[in-house]
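So this block is query.txt, compact mmCIF, C-alpha atoms:
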# COMPACT_ATOMS: atom_id res chain seq x y z
CA ALA Q 23 -21.61 53.55 34.65
CA LEU Q 24 -19.97 56.26 36.77
CA ALA Q 25 -23.04 57.38 38.70
CA GLY Q 26 -22.08 58.24 42.26
CA VAL Q 27 -18.34 57.83 41.62
CA THR Q 28 -15.91 60.69 42.28
CA LEU Q 29 -12.61 60.31 40.43
CA ASP Q 30 -9.62 62.16 39.03
CA ALA Q 31 -7.92 61.26 35.74
CA GLN Q 32 -4.42 62.30 34.69
CA ALA Q 33 -2.28 61.45 31.67
CA ASP Q 34 0.47 58.95 32.43
CA GLY Q 35 2.94 58.85 29.55
CA GLU Q 36 1.95 58.88 25.89
CA HIS Q 37 -0.83 56.28 26.08
CA GLY Q 38 -1.44 55.80 29.82
CA LEU Q 39 -4.15 57.17 32.06
CA ARG Q 40 -3.99 57.12 35.85
CA ILE Q 41 -7.40 57.19 37.54
CA THR Q 42 -7.80 57.79 41.26
CA THR Q 43 -11.13 57.41 43.05
CA ARG Q 44 -12.10 59.22 46.24
CA LYS Q 45 -12.79 55.88 47.92
CA PRO Q 46 -12.01 52.26 46.99
CA ASP Q 47 -14.10 51.05 44.05
CA PRO Q 48 -13.77 47.28 43.43
CA VAL Q 49 -15.50 47.40 40.04
CA LEU Q 50 -13.81 50.46 38.51
CA PRO Q 51 -12.38 48.47 35.55
CA MET Q 52 -15.90 47.22 34.77
CA ARG Q 53 -17.24 50.77 34.91
CA LEU Q 54 -14.58 51.99 32.49
CA ALA Q 55 -15.42 49.17 30.08
CA GLY Q 56 -19.10 50.21 29.93
CA PRO Q 57 -20.44 50.91 26.42
CA SER Q 58 -21.56 54.40 27.47
CA LEU Q 59 -17.87 55.25 27.98
CA ALA Q 60 -16.82 54.55 24.38
CA ILE Q 61 -13.65 56.46 23.46
CA LEU Q 62 -13.82 58.72 20.40
CA SER Q 63 -10.87 60.36 18.65
CA PRO Q 64 -10.19 64.12 19.00
CA LYS Q 65 -11.73 64.55 15.54
CA ALA Q 66 -15.15 63.81 17.05
CA TYR Q 67 -15.01 67.08 19.01
CA GLU Q 68 -13.70 69.45 16.34
CA LYS Q 69 -17.09 71.03 15.60
CA LYS Q 70 -19.34 72.75 18.11
CA GLY Q 71 -22.28 70.81 19.48
CA ASN Q 72 -22.51 67.10 20.15
CA PRO Q 73 -19.49 64.95 19.25
CA THR Q 74 -19.89 62.83 16.12
CA PRO Q 75 -19.22 59.07 16.03
CA ILE Q 76 -18.83 59.09 12.23
CA GLY Q 77 -15.32 57.90 11.47
CA THR Q 78 -14.10 58.60 15.02
CA ALA Q 79 -14.52 55.41 17.06
CA THR Q 80 -12.38 52.26 17.38
CA GLY Q 81 -14.22 49.07 16.51
CA PRO Q 82 -14.24 46.33 13.85
CA PHE Q 83 -16.62 48.53 11.83
CA GLU Q 84 -16.51 52.27 11.16
CA ILE Q 85 -19.67 54.37 11.15
CA THR Q 86 -19.77 56.13 7.79
CA GLU Q 87 -23.33 57.44 7.63
CA VAL Q 88 -26.12 58.29 10.09
CA ASN Q 89 -29.62 59.07 8.83
CA GLY Q 90 -31.42 60.35 11.90
CA GLY Q 91 -33.29 57.55 13.63
CA THR Q 92 -33.89 55.52 10.49
CA SER Q 93 -30.58 53.95 9.44
CA VAL Q 94 -26.82 53.76 9.91
CA GLY Q 95 -24.12 52.64 7.51
CA LEU Q 96 -20.88 50.98 8.63
CA ASP Q 97 -17.82 49.81 6.70
CA ARG Q 98 -15.18 47.36 7.84
CA TYR Q 99 -12.34 49.13 9.68
CA ASP Q 100 -9.21 47.49 8.36
CA ASP Q 101 -6.95 48.77 11.16
CA TYR Q 102 -9.04 47.33 13.99
CA TRP Q 103 -6.69 46.19 16.75
CA ASP Q 104 -8.39 42.80 17.28
CA GLY Q 105 -8.34 41.48 13.72
CA LEU Q 106 -10.07 41.97 10.39
CA ALA Q 107 -13.84 41.51 10.30
CA HIS Q 108 -15.20 38.96 7.82
CA ALA Q 109 -18.07 41.18 6.69
CA SER Q 110 -17.25 44.16 4.47
CA GLY Q 111 -19.84 46.30 6.20
CA ILE Q 112 -23.25 46.54 7.84
CA ASP Q 113 -26.40 48.35 6.72
CA VAL Q 114 -28.53 48.93 9.82
CA ARG Q 115 -32.20 49.89 9.74
CA PHE Q 116 -34.18 50.89 12.83
CA VAL Q 117 -37.64 49.35 12.48
CA LYS Q 118 -39.94 49.93 15.44
CA ASP Q 119 -42.65 47.50 14.35
CA GLY Q 120 -41.82 43.94 15.44
CA THR Q 121 -44.08 42.33 12.85
CA ALA Q 122 -42.25 44.23 10.12
CA ARG Q 123 -38.90 42.97 11.46
CA ALA Q 124 -40.12 39.37 11.38
CA ASN Q 125 -41.52 39.82 7.86
CA ALA Q 126 -38.15 41.18 6.69
CA VAL Q 127 -36.48 37.95 7.83
CA ARG Q 128 -39.09 35.77 6.13
CA THR Q 129 -38.76 37.61 2.81
CA GLY Q 130 -34.97 37.65 2.94
CA ASP Q 131 -34.95 41.46 3.03
CA VAL Q 132 -32.58 41.42 6.02
CA ASP Q 133 -29.97 38.98 7.27
CA ILE Q 134 -30.49 39.63 10.99
CA ALA Q 135 -33.45 41.05 12.90
CA GLU Q 136 -33.26 41.49 16.66
CA ALA Q 137 -36.06 41.59 19.24
CA ILE Q 138 -38.59 39.50 17.37
CA PRO Q 139 -41.90 39.69 19.29
CA VAL Q 140 -43.02 36.48 20.95
CA ALA Q 141 -46.23 36.55 18.89
CA GLN Q 142 -44.16 36.48 15.69
CA ALA Q 143 -41.73 33.75 16.71
CA ALA Q 144 -44.01 30.94 15.51
CA THR Q 145 -44.24 32.52 12.05
CA LEU Q 146 -40.50 32.14 11.43
CA ASP Q 147 -38.93 29.01 10.03
CA LYS Q 148 -37.16 27.10 12.81
CA ALA Q 149 -33.88 27.34 10.92
CA THR Q 150 -33.99 31.14 11.16
CA LEU Q 151 -35.17 31.42 14.77
CA LYS Q 152 -32.47 31.88 17.40
CA GLU Q 153 -32.96 32.31 21.14
CA ALA Q 154 -30.78 32.76 24.21
CA GLY Q 155 -31.19 33.84 27.81
CA THR Q 156 -30.77 37.49 28.75
CA THR Q 157 -30.07 39.39 31.93
CA ARG Q 158 -33.37 41.28 31.44
CA THR Q 159 -36.12 40.76 34.00
CA THR Q 160 -39.74 41.88 33.66
CA SER Q 161 -41.03 42.98 37.06
CA LEU Q 162 -44.00 44.56 38.79
CA GLN Q 163 -42.88 47.61 40.78
CA LEU Q 164 -45.19 48.68 43.64
CA ASN Q 165 -45.24 52.30 44.86
CA THR Q 166 -44.17 52.07 48.50
CA GLU Q 167 -44.27 55.83 49.15
CA THR Q 168 -47.89 56.82 48.44
CA GLY Q 169 -51.20 55.15 47.68
CA PRO Q 170 -52.48 51.71 48.68
CA PHE Q 171 -49.13 49.96 48.35
CA LYS Q 172 -47.61 52.11 51.06
CA ASN Q 173 -49.18 49.36 53.18
CA PRO Q 174 -46.75 46.38 53.15
CA GLU Q 175 -49.63 43.96 53.78
CA LEU Q 176 -51.32 45.02 50.55
CA ARG Q 177 -48.00 44.63 48.73
CA ALA Q 178 -47.80 41.11 50.11
CA ALA Q 179 -51.35 40.49 48.84
CA ALA Q 180 -50.32 41.65 45.37
CA ARG Q 181 -47.26 39.39 45.39
CA THR Q 182 -49.25 36.31 46.35
CA ALA Q 183 -51.85 37.09 43.66
CA ILE Q 184 -49.29 36.91 40.84
CA ALA Q 185 -48.58 33.62 39.06
CA PRO Q 186 -45.37 34.08 37.01
CA SER Q 187 -45.62 30.61 35.45
CA ALA Q 188 -48.96 31.55 33.88
CA LEU Q 189 -47.33 34.63 32.34
CA VAL Q 190 -44.46 32.61 30.90
CA LYS Q 191 -46.80 30.07 29.36
CA GLY Q 192 -49.57 32.39 28.20
CA VAL Q 193 -47.79 35.60 27.22
CA PHE Q 194 -44.19 34.64 26.49
CA GLU Q 195 -45.19 31.27 25.00
CA GLY Q 196 -42.23 29.62 26.71
CA TYR Q 197 -39.63 32.20 25.57
CA ALA Q 198 -38.95 33.26 29.16
CA ASP Q 199 -38.42 31.76 32.61
CA PRO Q 200 -40.66 32.40 35.65
CA GLY Q 201 -39.44 35.24 37.87
CA ALA Q 202 -37.23 33.77 40.57
CA GLY Q 203 -35.66 37.00 41.76
CA LEU Q 204 -34.06 40.14 40.40
CA PHE Q 205 -31.44 37.99 38.65
CA GLY Q 206 -32.48 35.18 36.30
CA PRO Q 207 -30.89 32.06 34.77
CA ALA Q 208 -28.64 34.07 32.42
CA VAL Q 209 -26.84 35.30 35.55
CA THR Q 210 -25.43 31.82 35.91
CA TRP Q 211 -24.20 32.07 39.51
CA ALA Q 212 -27.39 33.59 40.98
CA ALA Q 213 -29.53 30.49 41.58
CA SER Q 214 -26.92 28.72 43.73
CA LYS Q 215 -26.37 31.81 45.88
CA ARG Q 216 -29.97 33.02 46.21
CA VAL Q 217 -31.10 33.84 49.77
CA LYS Q 218 -34.72 33.32 50.79
CA PRO Q 219 -36.32 36.62 51.93
CA ALA Q 220 -37.18 36.66 55.63
CA GLY Q 221 -39.54 38.84 57.60
CA ARG Q 222 -42.10 39.56 54.91
CA ALA Q 223 -45.38 41.19 55.94
CA LYS Q 224 -48.57 39.15 56.26
CA THR Q 225 -51.15 39.56 53.50
CA ALA Q 226 -54.21 41.79 53.91
CA ARG Q 227 -57.56 41.43 52.12
CA PRO Q 228 -57.71 43.92 49.23
CA ASP Q 229 -61.51 44.31 49.56
CA GLY Q 230 -61.80 46.20 46.27
CA THR Q 231 -58.81 48.51 46.85
CA SER Q 232 -58.45 50.64 43.70
CA ILE Q 233 -55.02 50.86 42.03
CA THR Q 234 -53.56 52.23 38.81
CA LEU Q 235 -51.26 49.88 36.88
CA ALA Q 236 -49.05 51.33 34.12
CA THR Q 237 -46.74 49.96 31.46
CA TYR Q 238 -45.35 50.90 28.03
CA ASP Q 239 -45.82 49.49 24.54
CA ASN Q 240 -42.27 49.86 23.18
CA ARG Q 241 -41.84 46.21 24.13
CA PRO Q 242 -44.87 44.54 22.55
CA GLU Q 243 -45.24 41.84 25.20
CA LEU Q 244 -45.59 44.27 28.12
CA PRO Q 245 -49.19 45.43 27.50
CA GLU Q 246 -50.24 41.78 27.32
CA VAL Q 247 -48.31 41.04 30.53
CA ALA Q 248 -50.08 43.96 32.17
CA GLN Q 249 -53.50 42.64 31.11
CA VAL Q 250 -52.79 39.25 32.66
CA VAL Q 251 -51.43 40.86 35.86
CA GLN Q 252 -54.54 43.05 35.96
CA GLN Q 253 -56.74 39.96 35.80
CA GLN Q 254 -54.74 38.19 38.52
CA LEU Q 255 -54.93 41.21 40.84
CA GLN Q 256 -58.65 41.63 40.18
CA LYS Q 257 -59.20 37.98 41.02
CA ALA Q 258 -57.44 38.60 44.36
CA GLY Q 259 -59.83 41.47 45.15
CA PHE Q 260 -58.16 44.60 43.78
CA THR Q 261 -59.87 47.06 41.44
CA VAL Q 262 -57.32 47.78 38.69
CA MET Q 263 -57.21 50.57 36.11
CA LEU Q 264 -54.66 49.92 33.35
CA GLU Q 265 -52.73 52.68 31.59
CA VAL Q 266 -50.45 52.02 28.57
CA ARG Q 267 -48.28 54.67 26.90
CA GLU Q 268 -45.13 54.99 24.82
CA TYR Q 269 -42.14 54.87 27.19
CA SER Q 270 -40.91 58.44 26.63
CA ARG Q 271 -44.37 59.72 27.62
CA LEU Q 272 -44.51 57.48 30.69
CA GLU Q 273 -41.10 57.58 32.34
CA SER Q 274 -41.33 60.95 34.11
CA ASP Q 275 -44.70 60.08 35.68
CA ALA Q 276 -43.43 56.65 36.73
CA LEU Q 277 -40.33 58.13 38.39
CA ALA Q 278 -42.50 60.73 40.11
CA GLY Q 279 -44.61 57.97 41.70
CA LYS Q 280 -47.86 58.86 39.90
CA PHE Q 281 -48.82 55.19 39.49
CA ASP Q 282 -49.55 52.61 42.17
CA ALA Q 283 -47.89 49.85 40.16
CA PHE Q 284 -45.63 49.72 37.12
CA ILE Q 285 -44.52 46.88 34.86
CA GLY Q 286 -41.18 47.24 33.08
CA ALA Q 287 -38.32 45.20 31.64
CA ARG Q 288 -34.91 45.96 33.17
CA ASN Q 289 -31.42 44.69 32.38
CA SER Q 290 -30.16 43.48 35.76
CA LEU Q 291 -26.47 43.84 34.78
CA LEU Q 292 -26.88 47.23 33.15
CA ASP Q 293 -23.85 49.30 32.06
CA THR Q 294 -21.10 47.48 33.95
CA GLY Q 295 -22.06 43.83 34.35
CA ASP Q 296 -21.86 44.36 38.11
CA PRO Q 297 -24.94 42.96 39.93
CA VAL Q 298 -24.79 45.60 42.66
CA GLY Q 299 -25.23 48.61 40.39
CA VAL Q 300 -28.87 48.05 39.50
CA LEU Q 301 -29.76 47.35 43.14
CA GLY Q 302 -28.45 50.76 44.17
CA SER Q 303 -30.06 52.70 41.32
CA ASP Q 304 -33.46 50.99 41.58
CA TYR Q 305 -34.07 50.23 45.26
CA THR Q 306 -32.21 52.62 47.56
CA CYS Q 307 -33.35 55.94 49.03
CA ASP Q 308 -31.05 57.91 46.70
CA GLY Q 309 -31.49 55.64 43.67
CA GLY Q 310 -31.94 57.48 40.40
CA TYR Q 311 -34.32 54.90 38.88
CA ASN Q 312 -36.32 53.99 41.97
CA LEU Q 313 -39.72 53.27 40.40
CA ALA Q 314 -40.94 51.58 43.60
CA ARG Q 315 -40.03 54.71 45.62
CA LEU Q 316 -38.45 52.35 48.13
CA CYS Q 317 -36.58 53.89 51.07
CA ASP Q 318 -35.81 51.12 53.54
CA GLU Q 319 -32.97 51.26 56.06
CA LYS Q 320 -32.20 47.53 55.95
CA THR Q 321 -32.13 47.53 52.16
CA ASP Q 322 -29.84 50.57 51.98
CA ARG Q 323 -27.49 48.98 54.50
CA ALA Q 324 -27.34 45.68 52.55
CA VAL Q 325 -26.69 47.47 49.23
CA ALA Q 326 -24.03 49.70 50.79
CA GLU Q 327 -22.25 46.63 52.13
CA ALA Q 328 -22.36 45.01 48.69
CA VAL Q 329 -20.98 48.17 47.04
CA GLY Q 330 -17.86 48.02 49.20
CA THR Q 331 -17.30 44.27 48.91
CA ASP Q 332 -14.26 43.10 46.94
CA GLY Q 333 -13.65 39.66 45.41
CA THR Q 334 -15.93 38.13 42.78
CA GLY Q 335 -17.55 35.44 44.93
CA GLU Q 336 -17.85 37.69 47.96
CA ARG Q 337 -19.48 40.45 45.90
CA GLN Q 338 -21.95 37.97 44.41
CA ASP Q 339 -22.87 36.76 47.92
CA ALA Q 340 -23.37 40.34 49.07
CA ALA Q 341 -25.51 41.10 46.02
CA MET Q 342 -27.80 38.16 46.74
CA ALA Q 343 -28.12 39.20 50.39
CA ALA Q 344 -29.15 42.65 49.16
CA GLU Q 345 -31.61 41.06 46.71
CA ALA Q 346 -33.23 39.21 49.63
CA ALA Q 347 -33.49 42.44 51.61
CA ILE Q 348 -35.26 44.09 48.67
CA LEU Q 349 -37.64 41.20 48.00
CA ARG Q 350 -38.49 41.15 51.73
CA THR Q 351 -40.21 44.53 51.28
CA ASP Q 352 -42.42 43.30 48.40
CA ALA Q 353 -41.63 46.55 46.59
CA VAL Q 354 -40.96 44.49 43.48
CA VAL Q 355 -42.46 41.25 42.17
CA PRO Q 356 -40.24 39.51 39.55
CA LEU Q 357 -42.49 38.22 36.77
CA ALA Q 358 -40.29 36.73 34.05
CA HIS Q 359 -36.68 36.47 32.92
CA GLN Q 360 -36.72 37.17 29.19
CA ARG Q 361 -34.91 35.50 26.34
CA ILE Q 362 -33.51 36.98 23.14
CA ILE Q 363 -35.51 36.04 20.06
CA ALA Q 364 -33.68 36.91 16.85
CA GLY Q 365 -34.32 36.12 13.21
CA VAL Q 366 -31.15 35.08 11.39
CA SER Q 367 -30.84 34.10 7.72
CA THR Q 368 -29.57 30.58 7.12
CA LYS Q 369 -26.84 32.18 4.96
CA VAL Q 370 -25.34 33.96 7.98
CA ARG Q 371 -22.80 32.52 10.42
CA GLY Q 372 -21.28 33.84 13.62
CA VAL Q 373 -24.13 35.98 14.97
CA LEU Q 374 -23.54 36.89 18.63
CA LEU Q 375 -26.54 36.47 20.94
CA ASP Q 376 -25.30 38.51 23.88
CA PRO Q 377 -27.10 38.09 27.26
CA TYR Q 378 -26.48 41.83 27.83
CA GLU Q 379 -28.25 42.59 24.50
CA ARG Q 380 -25.37 44.77 23.33
CA THR Q 381 -23.78 42.75 20.52
CA LEU Q 382 -25.08 41.03 17.38
CA VAL Q 383 -22.27 41.33 14.83
CA GLY Q 384 -18.59 40.73 15.51
CA THR Q 385 -15.41 40.07 13.58
CA GLY Q 386 -16.48 36.47 12.90
CA THR Q 387 -19.98 37.26 11.61
CA ARG Q 388 -20.20 36.49 7.91
CA ARG Q 389 -22.46 35.57 5.04

The structure in this file should be written as structure tokens.
Amino acid sequence: ALAGVTLDAQADGEHGLRITTRKPDPVLPMRLAGPSLAILSPKAYEKKGNPTPIGTATGPFEITEVNGGTSVGLDRYDDYWDGLAHASGIDVRFVKDGTARANAVRTGDVDIAEAIPVAQAATLDKATLKEAGTTRTTSLQLNTETGPFKNPELRAAARTAIAPSALVKGVFEGYADPGAGLFGPAVTWAASKRVKPAGRAKTARPDGTSITLATYDNRPELPEVAQVVQQQLQKAGFTVMLEVREYSRLESDALAGKFDAFIGARNSLLDTGDPVGVLGSDYTCDGGYNLARLCDEKTDRAVAEAVGTDGTGERQDAAMAAEAAILRTDAVVPLAHQRIIAGVSTKVRGVLLDPYERTLVGTGTRR
């Protein structure tokens, strides 16, 4: 949330904090509200090593137990500033297998299961199936620095070969929307402000050009998306080798530009809810998550202008102008805007389906 920001913080009275940035930052309050900047009590830092969140945070529920990467226990925090939670506590289990999560809903073993795979959605009773739009977009990133896609005409050929509507129908089974840009329908203002990219390169004939396409299997739909994209690119004349790994074993190679193309799912309003942040991190010369290895003067200029723009509407306009500058390069091909699929027991009320995918249980969630 604070990447690239230089600031100074000083105590101001008993409960105040005065923060001064080196240069004007229109979205500083949004940065400070990011979930990665959660405030823990001094107790969290009493022991050497990493701070502990057990009994040290300020939310409607208090973390009481952490069992590695398998489970977490939370009890209601009666002194929560925003009111008493209805539920007495939450028992959280981390279950990697999506089929197992769906089965747990069907058997009544859990009350709420998030991230139900598309393939399992049809197996749930309609009364327990909940869906909502998210700010997550699945995209095809093309390596603009090395390899075949350094040629903008081949990138244009790849873009024209992709049929997002076929992916939505065949892979997501309707639980997504065709890729319209970097921001989808859950970013409610985007469609009315979208700018058509201008000055795109003409398409070249692939003539059997060989490429490596990579993706990860942590999200179960992505390998299937990659297979369909592989087929579409092959039909257009590319020769495509597909590589699928677990994300932690793939990320460093993807960031290093070792693949010609990469398919991933990215939250377009990550960390702050500001649309400009992800554009800077993913598509500028100095971006820290620039999978497309894009370094384009016009794009950098458009993003820089958006970064310094104040006013909600004006910043949205600037973000969409920057989006058009990025799409003009064909460094990225938006494939689908995903939806949340959650399994929720009919006994449960007040589940929060958050477009940012941060929240499921709040003070009003109850059984």

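Comparing Q:Gly77, Q:Asp119, Q:Gly295, Q:Glu167 by their smallest distance to Tyr99 of chain Q, the closest is Q:Gly77 (using only C-alpha atoms).
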
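Closest approach to Asp304 of chain Q among Q:Leu277, Q:Leu176, Q:Ala223, Q:Ala126: Q:Leu277, based on only C-alpha atoms.
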
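Of note, atom CA of Ala314 of chain Q and atom CA of Pro57 of chain Q are spaced 26.8 Å apart.
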
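If all atoms listed in the file are the atoms counted, then among Q:Ala283, Q:Ala79, Q:Val383, Q:Val366 the closest residue to Gly169 of chain Q is Q:Ala283.
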
Top pick for closest residue to Ala109 of chain Q, considering Q:Val370, Q:Leu244, Q:Leu272, Q:Leu24 and counting all atoms listed in the file =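 Selected residue with least distance to Ala109 of chain Q: Q:Val370.
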
Within 12 Å of segment 324-342 of chain Q, which residues of segment 180-211 of chain Q show up? Give each one with its shortest atom-to-atom distance in Å (one decimal) and the two atoms involved, counting only C-alpha atoms, rows by chain then rising residue number, as CSV.
residue,atom,partner,partner_atom,distance
Q:Gly203,CA,Q:Met342,CA,9.4
Q:Leu204,CA,Q:Met342,CA,9.1
Q:Phe205,CA,Q:Met342,CA,8.9
Q:Gly206,CA,Q:Met342,CA,11.8
Q:Val209,CA,Q:Gln338,CA,10.5
Q:Thr210,CA,Q:Gln338,CA,11.1
Q:Trp211,CA,Q:Gln338,CA,8.0
